[in-house]
Amino acid sequence: MPYIIWEAPYFKNYAIPLIAIVRLVNVAFQGVHFASMISLTSQNLCTTERTSLFTLLTSGSAMGALLTGVLSSFVLDYFDWSCVFRVVGFMGIAWLINLNQS
């Protein structure tokens, strides 16, 4: 997101509304996330596996939000605010690459 503000001077009037729209779309997709997880796990797993997997999935997303907040606070204390976007984005890409190699 910082590139929208820094590298497009003609776009500065629309940067905040664009960020708000992107955030709204993100929230809309997050709203169906847990409902679709419940549906997929209930259709494809037996009852004993279903509870364990759903517990792991929901606790993992909460743990990810917690660790991202802690890491972002640390990065913000020692570096520029734009580094928070880069570090969290890099970690997401690294996680995606690791996930695809497994």
# chains A, B, ... in the order shown; residues from 1 in each chain; ligands from 1
call {"tool": "residues_around", "arguments": {"residues": "A:Phe85", "least_positions_apart": "3", "cutoff": "12 Å", "atoms": "only C-alpha atoms", "output": "PyMOL selection string"}}
result
chain A and resi 1-3+68-69+71-73+75-76+79-82+88-92
call {"tool": "closest_residue", "arguments": {"among": "A:Ala28, A:Leu57, A:Val87, A:Ile93", "to": "A:Phe74", "atoms": "only C-alpha atoms"}}
result
A:Val87
call {"tool": "closest_residue", "arguments": {"among": "A:Thr58, A:Leu99, A:Tyr78, A:Arg86", "to": "A:His33", "atoms": "only C-alpha atoms"}}
result
A:Thr58
call {"tool": "decode", "arguments": {"residues": "stretch 34-76 of chain A", "atoms": "C-alpha atoms", "output": "JSON list (two decimals), in the first residue's frame"}}
result
[["chain", "number", "residue", "atom", "x", "y", "z"],
["A", 34, "PHE", "CA", -15.03, -19.59, 8.36],
["A", 35, "ALA", "CA", -18.38, -20.57, 6.86],
["A", 36, "SER", "CA", -16.66, -22.22, 3.89],
["A", 37, "MET", "CA", -14.17, -23.94, 6.20],
["A", 38, "ILE", "CA", -16.99, -25.44, 8.23],
["A", 39, "SER", "CA", -18.73, -26.60, 5.07],
["A", 40, "LEU", "CA", -15.59, -28.21, 3.61],
["A", 41, "THR", "CA", -14.63, -29.96, 6.82],
["A", 42, "SER", "CA", -18.14, -31.25, 7.47],
["A", 43, "GLN", "CA", -18.40, -32.74, 3.97],
["A", 44, "ASN", "CA", -14.96, -34.33, 3.74],
["A", 45, "LEU", "CA", -13.98, -35.52, 7.21],
["A", 46, "CYS", "CA", -15.39, -37.89, 9.80],
["A", 47, "THR", "CA", -16.67, -36.48, 13.11],
["A", 48, "THR", "CA", -13.59, -37.17, 15.22],
["A", 49, "GLU", "CA", -11.21, -35.64, 12.68],
["A", 50, "ARG", "CA", -13.54, -32.72, 12.01],
["A", 51, "THR", "CA", -13.39, -31.25, 15.51],
["A", 52, "SER", "CA", -9.63, -31.55, 15.76],
["A", 53, "LEU", "CA", -9.01, -30.00, 12.35],
["A", 54, "PHE", "CA", -11.45, -27.14, 12.86],
["A", 55, "THR", "CA", -9.90, -26.36, 16.25],
["A", 56, "LEU", "CA", -6.45, -26.30, 14.66],
["A", 57, "LEU", "CA", -7.62, -24.08, 11.78],
["A", 58, "THR", "CA", -9.39, -21.50, 13.93],
["A", 59, "SER", "CA", -6.61, -21.33, 16.51],
["A", 60, "GLY", "CA", -4.06, -20.98, 13.71],
["A", 61, "SER", "CA", -5.76, -17.94, 12.24],
["A", 62, "ALA", "CA", -6.00, -16.31, 15.69],
["A", 63, "MET", "CA", -2.35, -17.10, 16.37],
["A", 64, "GLY", "CA", -1.38, -15.63, 13.00],
["A", 65, "ALA", "CA", -3.18, -12.38, 13.80],
["A", 66, "LEU", "CA", -1.50, -12.22, 17.20],
["A", 67, "LEU", "CA", 1.99, -12.89, 15.87],
["A", 68, "THR", "CA", 1.52, -10.43, 13.01],
["A", 69, "GLY", "CA", 0.54, -7.73, 15.49],
["A", 70, "VAL", "CA", 3.55, -8.41, 17.71],
["A", 71, "LEU", "CA", 5.95, -8.56, 14.77],
["A", 72, "SER", "CA", 4.49, -5.41, 13.23],
["A", 73, "SER", "CA", 4.92, -3.52, 16.50],
["A", 74, "PHE", "CA", 8.54, -4.61, 16.71],
["A", 75, "VAL", "CA", 9.27, -3.62, 13.11],
["A", 76, "LEU", "CA", 7.52, -0.27, 13.61]]
